[in-house]
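Asks: My structure file protein.tsv, TSV, C-alpha atoms, is below:
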```
chain	number	residue	atom	x	y	z
A	1	MET	CA	-12.17	34.23	-8.88
A	2	VAL	CA	-9.60	34.70	-11.65
A	3	LEU	CA	-12.30	34.23	-14.31
A	4	THR	CA	-14.52	36.91	-12.75
A	5	TYR	CA	-11.59	39.34	-12.66
A	6	VAL	CA	-10.76	38.57	-16.31
A	7	ASP	CA	-14.40	38.99	-17.41
A	8	ASN	CA	-14.68	42.37	-15.66
A	9	ASN	CA	-11.47	43.67	-17.23
A	10	MET	CA	-12.16	42.24	-20.70
A	11	SER	CA	-15.18	44.47	-21.25
A	12	THR	CA	-12.99	47.55	-20.64
A	13	ILE	CA	-10.23	46.22	-22.90
A	14	LYS	CA	-12.71	45.40	-25.69
A	15	SER	CA	-14.22	48.88	-25.59
A	16	VAL	CA	-10.72	50.43	-25.79
A	17	SER	CA	-9.67	48.23	-28.71
A	18	ARG	CA	-12.81	49.27	-30.62
A	19	GLY	CA	-12.01	52.91	-29.91
A	20	SER	CA	-15.21	53.40	-27.92
A	21	SER	CA	-13.56	54.19	-24.59
A	22	LYS	CA	-11.80	57.35	-23.57
A	23	GLU	CA	-10.48	55.94	-20.27
A	24	LYS	CA	-7.38	54.16	-21.59
A	25	SER	CA	-5.21	54.24	-24.64
A	26	PHE	CA	-5.01	51.20	-26.89
A	27	LYS	CA	-1.44	50.49	-25.74
A	28	GLU	CA	-2.50	50.60	-22.11
A	29	ALA	CA	-5.35	48.20	-22.90
A	30	LEU	CA	-2.92	45.95	-24.80
A	31	SER	CA	-0.66	45.88	-21.77
A	32	ASP	CA	-3.66	45.02	-19.58
A	33	LEU	CA	-4.64	42.24	-21.99
A	34	ARG	CA	-1.14	40.77	-21.80
A	35	SER	CA	-1.30	40.97	-18.00
A	36	LEU	CA	-4.63	39.15	-18.04
A	37	ILE	CA	-3.22	36.41	-20.29
A	38	ASN	CA	-0.29	36.00	-17.88
A	39	LEU	CA	-2.72	35.85	-14.97
A	40	VAL	CA	-4.80	33.14	-16.67
A	41	GLN	CA	-1.69	31.13	-17.57
A	42	SER	CA	-0.42	31.46	-14.02
A	43	ALA	CA	-3.79	30.32	-12.64
A	44	LYS	CA	-3.77	27.37	-15.06
A	45	LEU	CA	-0.24	26.42	-13.96
A	46	SER	CA	-1.33	26.70	-10.35
A	47	GLU	CA	-4.33	24.44	-11.07
A	48	ASP	CA	-2.09	21.92	-12.89
A	49	THR	CA	0.31	21.97	-9.94
A	50	THR	CA	-2.58	21.43	-7.53
A	51	ASN	CA	-3.89	18.54	-9.65
A	52	ASP	CA	-0.37	17.08	-9.79
A	53	LYS	CA	-0.08	17.36	-6.01
A	54	ILE	CA	-3.48	15.70	-5.54
A	55	SER	CA	-2.54	12.88	-7.95
A	56	LYS	CA	0.78	12.40	-6.18
A	57	LYS	CA	-0.91	12.32	-2.76
A	58	GLU	CA	-3.51	9.83	-4.06
A	59	SER	CA	-0.70	7.63	-5.37
A	60	GLU	CA	1.14	7.82	-2.01
A	61	LEU	CA	-2.01	6.88	-0.08
A	62	THR	CA	-2.82	3.98	-2.43
A	63	SER	CA	0.76	2.76	-2.17
A	64	TYR	CA	0.62	2.91	1.63
A	65	LEU	CA	-2.71	1.07	1.70
A	66	ASP	CA	-1.40	-1.66	-0.63
A	67	SER	CA	1.67	-2.16	1.57
A	68	LEU	CA	-0.36	-2.69	4.75
A	69	PRO	CA	-0.53	-6.46	5.48
A	70	THR	CA	-4.31	-6.85	5.41
A	71	TYR	CA	-4.82	-9.50	2.70
A	72	TRP	CA	-5.88	-12.90	4.12
A	73	PRO	CA	-2.95	-15.13	3.06
A	74	VAL	CA	-4.78	-18.43	2.40
A	75	ASP	CA	-7.61	-19.39	0.03
A	76	ASN	CA	-10.70	-21.10	1.45
A	77	ALA	CA	-9.34	-21.19	4.99
A	78	THR	CA	-10.65	-18.77	7.57
A	79	THR	CA	-10.35	-21.00	10.65
A	80	ILE	CA	-7.48	-20.20	12.97
A	81	HIS	CA	-6.24	-23.47	14.50
A	82	SER	CA	-3.90	-21.79	16.97
A	83	ALA	CA	-4.29	-18.15	18.01
A	84	PHE	CA	-1.75	-15.46	18.84
A	85	GLY	CA	-0.59	-15.42	22.46
A	86	ARG	CA	0.19	-17.86	25.24
A	87	ARG	CA	-0.52	-21.50	24.41
A	88	LEU	CA	0.53	-25.07	25.10
A	89	HIS	CA	3.08	-25.88	22.40
A	90	PRO	CA	1.81	-28.88	20.38
A	91	VAL	CA	5.26	-30.48	20.07
A	92	TYR	CA	7.17	-29.41	23.21
A	93	LYS	CA	4.12	-29.69	25.51
A	94	ARG	CA	4.97	-26.57	27.50
A	95	TYR	CA	3.38	-23.13	27.64
A	96	SER	CA	5.02	-20.44	25.55
A	97	HIS	CA	4.08	-17.36	23.54
A	98	HIS	CA	2.82	-18.03	20.00
A	99	ASP	CA	4.03	-15.11	17.85
A	100	GLY	CA	1.51	-15.61	15.06
A	101	ILE	CA	-1.59	-17.52	14.02
A	102	ASP	CA	-1.86	-20.99	12.48
A	103	ILE	CA	-4.24	-21.35	9.53
A	104	GLY	CA	-4.87	-24.93	8.42
A	105	ASN	CA	-5.80	-26.34	5.03
A	106	LYS	CA	-4.65	-29.02	2.59
A	107	ARG	CA	-1.04	-29.47	1.60
A	108	TYR	CA	-0.03	-27.36	-1.42
A	109	THR	CA	-2.79	-24.79	-0.82
A	110	ASN	CA	-1.67	-21.43	-2.28
A	111	ILE	CA	-0.22	-18.83	0.08
A	112	TYR	CA	-0.46	-15.12	-0.83
A	113	ALA	CA	1.43	-11.96	0.17
A	114	ALA	CA	-0.56	-9.99	2.74
A	115	GLY	CA	0.69	-6.68	1.29
A	116	ASP	CA	3.11	-5.15	-1.21
A	117	GLY	CA	6.72	-5.48	-0.14
A	118	LYS	CA	10.22	-6.79	-0.64
A	119	VAL	CA	11.21	-10.38	0.13
A	120	VAL	CA	14.03	-10.16	2.69
A	121	GLU	CA	14.24	-13.86	3.59
A	122	ALA	CA	13.28	-17.03	1.71
A	123	THR	CA	15.00	-20.07	3.18
A	124	ARG	CA	14.71	-23.03	5.53
A	125	VAL	CA	15.24	-22.42	9.25
A	126	GLY	CA	14.81	-24.84	12.19
A	127	GLY	CA	11.34	-24.62	13.70
A	128	TYR	CA	9.90	-22.51	10.88
A	129	GLY	CA	10.94	-24.98	8.18
A	130	ASN	CA	10.63	-23.36	4.76
A	131	TYR	CA	9.70	-19.75	5.35
A	132	ILE	CA	9.47	-16.30	3.79
A	133	MET	CA	9.77	-12.86	5.36
A	134	ILE	CA	8.46	-9.78	3.54
A	135	ASP	CA	9.34	-6.20	4.49
A	136	HIS	CA	6.33	-3.95	3.77
A	137	GLY	CA	7.97	-0.70	4.85
A	138	ASN	CA	6.86	1.62	7.67
A	139	GLY	CA	8.11	-0.97	10.20
A	140	PHE	CA	5.79	-3.78	9.00
A	141	CYS	CA	7.07	-7.31	8.22
A	142	THR	CA	5.19	-10.56	7.64
A	143	VAL	CA	6.39	-14.13	8.15
A	144	TYR	CA	5.03	-17.23	6.36
A	145	ALA	CA	6.29	-20.55	7.82
A	146	HIS	CA	6.07	-24.38	7.46
A	147	LEU	CA	5.78	-23.99	3.66
A	148	SER	CA	6.10	-26.98	1.35
A	149	SER	CA	7.73	-24.67	-1.22
A	150	TYR	CA	8.04	-21.00	-2.16
A	151	ASP	CA	7.99	-19.14	-5.49
A	152	VAL	CA	10.02	-16.06	-4.54
A	153	LYS	CA	13.62	-15.19	-3.72
A	154	VAL	CA	15.35	-12.55	-1.63
A	155	GLY	CA	15.13	-9.16	-3.35
A	156	ASP	CA	11.86	-9.88	-5.19
A	157	TRP	CA	9.16	-7.23	-5.01
A	158	VAL	CA	5.72	-8.77	-4.41
A	159	LYS	CA	2.24	-7.31	-4.70
A	160	LYS	CA	-0.62	-7.72	-2.24
A	161	GLY	CA	-2.49	-10.92	-3.13
A	162	GLN	CA	0.36	-12.36	-5.23
A	163	LYS	CA	0.93	-16.11	-4.85
A	164	ILE	CA	4.24	-16.63	-3.07
A	165	ALA	CA	4.22	-20.21	-1.73
A	166	LYS	CA	2.43	-23.50	-1.06
A	167	MET	CA	1.23	-24.65	2.35
A	168	GLY	CA	3.18	-27.45	3.97
A	169	ASN	CA	4.31	-29.17	7.16
A	170	THR	CA	8.06	-28.41	7.30
A	171	GLY	CA	9.98	-27.54	10.46
A	172	THR	CA	8.54	-28.11	13.93
A	173	SER	CA	4.95	-28.84	12.99
A	174	THR	CA	2.33	-31.51	13.67
A	175	SER	CA	0.11	-30.96	10.63
A	176	THR	CA	-0.20	-29.02	7.38
A	177	HIS	CA	-0.77	-25.33	8.10
A	178	LEU	CA	0.54	-21.80	7.59
A	179	HIS	CA	2.16	-20.12	10.58
A	180	PHE	CA	1.64	-16.41	9.84
A	181	GLU	CA	3.10	-13.44	11.71
A	182	ILE	CA	2.88	-9.67	11.46
A	183	ARG	CA	5.67	-7.71	13.13
A	184	ILE	CA	5.91	-3.98	13.73
A	185	ASN	CA	9.51	-2.87	14.30
A	186	ASN	CA	10.32	-6.57	14.76
A	187	VAL	CA	7.77	-6.99	17.59
A	188	PRO	CA	5.10	-9.65	16.84
A	189	ILE	CA	1.52	-8.39	17.03
A	190	ASN	CA	-1.80	-10.19	16.67
A	191	PRO	CA	-2.39	-10.57	12.89
A	192	VAL	CA	-6.16	-10.74	13.43
A	193	LEU	CA	-6.10	-7.01	14.20
A	194	TYR	CA	-4.95	-6.33	10.62
A	195	LEU	CA	-6.11	-9.14	8.35
A	196	GLU	CA	-9.36	-8.86	6.40
A	197	LYS	CA	-11.03	-12.20	5.73
A	198	ARG	CA	-12.13	-12.66	2.13
```
Let me see the file written as structure tokens.

Replies:
Amino acid sequence: MVLTYVDNNMSTIKSVSRGSSKEKSFKEALSDLRSLINLVQSAKLSEDTTNDKISKKESELTSYLDSLPTYWPVDNATTIHSAFGRRLHPVYKRYSHHDGIDIGNKRYTNIYAAGDGKVVEATRVGGYGNYIMIDHGNGFCTVYAHLSSYDVKVGDWVKKGQKIAKMGNTGTSTSTHLHFEIRINNVPINPVLYLEKR
């Protein structure tokens, strides 16, 4: 639209500058030319601003996507040994709510961050044994429990798919596995609704 306007006005300006037009004086045409240059520069700035806004929005969306806890946290293990929800506790032998899923594999199997985020806990606690909690922002947190060891500390920023720990059997556990939770605003939800198997 701007280019069409410029093209239409340039033919008039060119004819004035060559002295072949009686409609405008040279100074008027010069003023028009300067106005056209300003218009083009303004349009270019507007386009740059639009491109900047698009790039910024793309970056925000990518960042949000990377923070969502969708990355399957264990290599070569897609079988869930204990699902989310009500179950008979394997140690206490009574029914209770299971706040996550249990994914089994061999001891020392690598454990990965399900999404970008900040490590807010990395310690040993009662039933969880060695565990990590990652805050992914937007209300999302993930928990990784019964670890044999972990490679991160509180305050570390981790990327989706980054190795953070090794699978183990610490805490209240009957075999080597990862107890994995996703919480939204500190309320446990079924991780299967978010995780993508790989």

Asks: Give me the residues near A:Asp99 as an NGL selection string, where near means some atom within 8 Å (using only C-alpha atoms) and where sequence neighbours in that chain fewer than 4 positions away do not count.

Replies: :A and (84-85 or 181 or 188-190)

Asks: Would you place a box with edges along x, y and z of the file around all atoms of stretch 125-137 of chain A listed there, add 4 Å to each of its six sides, and report the centre and edge lengths in Å to one decimal, as lines of an AutoDock Vina configuration file?

Replies:
```
center_x = 10.8
center_y = -12.8
center_z = 8.6
size_x = 16.9
size_y = 32.3
size_z = 18.2
```

Asks: Please identify all polymer residues within 10 Å of A:Val152, counting only C-alpha atoms, omitting same-chain residues fewer than 2 positions from it, and present them as a PyMOL selection string.

Replies: chain A and resi 119+121-122+132+149-150+154-158+163-165

Asks: Give the answer as one residue: which of A:His98, A:Lys153, A:Arg183, A:Arg107 has the shortest atom-to-atom distance to A:Gly137, using only C-alpha atoms?

Replies: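 Among the listed residues, A:Arg183 lies closest to A:Gly137.
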
Asks: Please provide as a ChimeraX atom specification all residues within 12 Å of A:Glu196, with the sequence filter that same-chain residues fewer than 3 positions apart are discarded (counting all atoms listed in the file).

Replies: /A:68-74,78,114-115,161,191-193

Asks: Could you jot down the atom CA of A:Gly104 to atom CA of A:Gly139 separation for me, Å, one decimal place?

Replies: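 So the answer is 27.3 Å.
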
Asks: How many Å separate atom CA of A:Gly129 from atom CA of A:Ile111?

Replies: 15.1 Å

Asks: Between atom CA of A:Ile103 and atom CA of A:His177, what is the spacing in Å?

Replies: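 Atom CA of A:His177 sits 5.5 Å away from atom CA of A:Ile103.
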
Asks: Neighbouring residues of A:Thr142 were defined as those with any atom within 6 Å, considering all atoms listed in the file; residues of the same chain fewer than 6 positions away were excluded. Please report them as a VMD selection string.

Replies: chain A and resid 133 to 134 181 to 182

Asks: Write out, as a short mmCIF file (atom, residue, chain, number, x, y, z; two decimals), in the frame of the given file, the residues just selected, with C-alpha atoms.

Replies:
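Result file is result.cif:
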```cif
data_model
loop_
_atom_site.label_atom_id
_atom_site.label_comp_id
_atom_site.auth_asym_id
_atom_site.auth_seq_id
_atom_site.Cartn_x
_atom_site.Cartn_y
_atom_site.Cartn_z
CA MET A 133 9.77 -12.86 5.36
CA ILE A 134 8.46 -9.78 3.54
CA GLU A 181 3.10 -13.44 11.71
CA ILE A 182 2.88 -9.67 11.46
#
```

Asks: May I have the residues within 7 Å of A:Gly168 as a ChimeraX atom specification, using only C-alpha atoms and disregarding those fewer than 6 positions away in the same chain?

Replies: /A:107-108,146-148,176-177

Asks: Could you check which of A:Asp102, A:Glu58, A:Tyr131, A:Lys197 is closest to A:Thr174, using only C-alpha atoms?

Replies: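 Closest residue, counting only C-alpha atoms: A:Asp102.
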
Asks: When you count only C-alpha atoms, which of these residues is closest to A:Val187: A:Ala83, A:Val143, A:Ile54, A:Ala43?

Replies: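 Distance minimum relative to A:Val187 lands on A:Val143.
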